[in-house]
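Participant: Once you've had a glance at the structure underneath, I'll fire off some questions.
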Amino acid sequence: MNIYILAGGKAPEGLGITYKGEFVFRGRTLAENVRQALAPLGDPKLVGGPAPDLPGSEKLVDVLRSLVQHQPTGPMLLAAADLPFLTTDSAQQFLSEVKPATELAYPAVRTDAFDALYPGFHRTPLRLKEGEFTGGNLFWVQSEALGRLLPMME
């Protein structure tokens with residue numbers, strides 16, 4: 001499985017950094033936290049950002065298109081670069097839930113559970129009939145499926 005950290009997201013003005021992943025939290029950048037959390041699972045590649053392994057873009061769909069071109073087949077784990085609380089265990093738990101035939105998976109967390117663990121951190125909620133959820137900012141995707149989805153995403 002190839003692992004890609006999406007690090008091209010621009011930081012809000014006034015922080016003195018260009019990319020969100022450059023924000024220093026608990027002594028290291030957010031992107032470095034994500035890289036260290038995912039390193040036991042493979043060799044994470046930084047896509048975009050200040051020192052990328054692969055070139056990035058400000059537009060997510062352009063980044064995804066370049067990843068499909070870079071890796072036309074097989075599974076990918078995609079992670080946002082600005083995940084201050086990502087751990088190896090949480091990534092492994094997510095991956096353990098992905099079934100072999102899965103083409104695309106995205107973790108959802110109940111908003112009340114997230115708020116209980118991380119009070120004061122804002123996340124965008126989505127209301128479903130089962131409750132209110134927020135996303136986990138990890139994606140498991142088969143490259144072939146992502147290639148089929150790109151026209152819709154554009």
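Just so we're on the same page: first chain in the structure tokens is A, next is B, and so on; residues restart at 1 for each chain, and ligands are numbered from 1 in the order they show up.
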Can you pull out every residue within 8 Å of stretch 43-46 of chain A, counting only C-alpha atoms, but drop anything in the same chain fewer than 5 positions away, and send it as a ChimeraX atom specification?

Facilitator: /A:2-7,35,38,51-54

Participant: Please provide as a list of chain:residue names all residues within 12 Å of A:Pro100, with the sequence filter that same-chain residues fewer than 5 positions apart are discarded (counting only C-alpha atoms).

Facilitator: A:Gly74, A:Pro75, A:Leu95, A:Ala105, A:Trp140, A:Val141, A:Gln142

Participant: Measure the distance from atom CA of A:Gly147 to atom CA of A:Gln69 in Å and round it to one decimal.

Facilitator: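 Between atom CA of A:Gly147 and atom CA of A:Gln69 the gap works out to 8.8 Å.
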
Participant: Would you write out, as CSV, a table of all residues in stretch 66-131 of chain A that have an atom no more than 10 Å from an atom of stretch 11-23 of chain A, listing for each the closest atom pair and the distance in Å to one decimal, considering only C-alpha atoms and ordering rows by chain and rising residue number?

Facilitator:
residue,atom,partner,partner_atom,distance
A:Ala80,CA,A:Gly21,CA,8.4
A:Ala81,CA,A:Gly21,CA,5.0
A:Asp82,CA,A:Gly21,CA,4.9
A:Leu83,CA,A:Gly21,CA,8.3
A:Pro84,CA,A:Gly21,CA,9.3

Participant: Go ahead and dump the residues you just picked, N, CA, C and O atoms, as a compact mmCIF listing (two decimals), in the first residue's frame.

Facilitator:
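Final output, part_11.txt:
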# COMPACT_ATOMS: atom_id res chain seq x y z
N ALA A 80 -4.60 13.88 5.25
CA ALA A 80 -4.35 15.32 5.30
C ALA A 80 -3.10 15.56 6.13
O ALA A 80 -2.78 14.78 7.03
N ALA A 81 -2.38 16.64 5.83
CA ALA A 81 -1.13 16.93 6.54
C ALA A 81 -1.35 17.65 7.86
O ALA A 81 -0.41 17.83 8.61
N ASP A 82 -2.58 18.04 8.14
CA ASP A 82 -2.83 18.85 9.33
C ASP A 82 -3.67 18.10 10.37
O ASP A 82 -4.68 18.57 10.84
N LEU A 83 -3.18 16.91 10.76
CA LEU A 83 -3.87 16.08 11.74
C LEU A 83 -3.05 16.01 13.02
O LEU A 83 -2.22 15.12 13.19
N PRO A 84 -3.27 16.91 13.95
CA PRO A 84 -2.41 16.96 15.15
C PRO A 84 -2.53 15.74 16.05
O PRO A 84 -1.60 15.44 16.80

Participant: So, counting only C-alpha atoms, which residue among A:Val47, A:Val24, A:Leu128, A:Met1 is closest to A:Asp62?

Facilitator: A:Val47

Participant: Using only C-alpha atoms, determine which residues lie at most 12 Å from A:Glu97, disregarding the query and same-chain residues fewer than 4 positions distant; provide the list as a ChimeraX atom specification.

Facilitator: /A:90-93,101-102,104-108,140

Participant: Can you spit out the residues from that selection as a tab-separated table (two decimals), in the first residue's frame, using C-alpha atoms?

Facilitator:
chain	number	residue	atom	x	y	z
A	90	SER	CA	-5.91	5.10	14.93
A	91	ALA	CA	-4.69	4.68	11.34
A	92	GLN	CA	-4.30	0.92	11.88
A	93	GLN	CA	-7.80	0.71	13.36
A	101	ALA	CA	-13.09	-5.49	-2.02
A	102	THR	CA	-13.40	-1.88	-0.85
A	104	LEU	CA	-13.12	3.86	-1.28
A	105	ALA	CA	-13.35	4.30	2.48
A	106	TYR	CA	-13.45	7.38	4.70
A	107	PRO	CA	-13.72	7.25	8.49
A	108	ALA	CA	-16.58	9.04	10.19
A	140	TRP	CA	-8.44	4.43	1.57

Participant: Measuring atom to atom with only C-alpha atoms, identify which of A:Glu103, A:Glu154, A:Glu32, A:Asp89 is nearest to A:Gly49.

Facilitator: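 Closest candidate: A:Glu32.
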
Participant: What residues in stretch 4-154 of chain A get the DSSP label strand (DSSP E)? Please answer as a ChimeraX atom specification.

Facilitator: /A:4-6,24-25,28-29,45-47,75-80,104-105,108-110,126-128,131-135,138-142
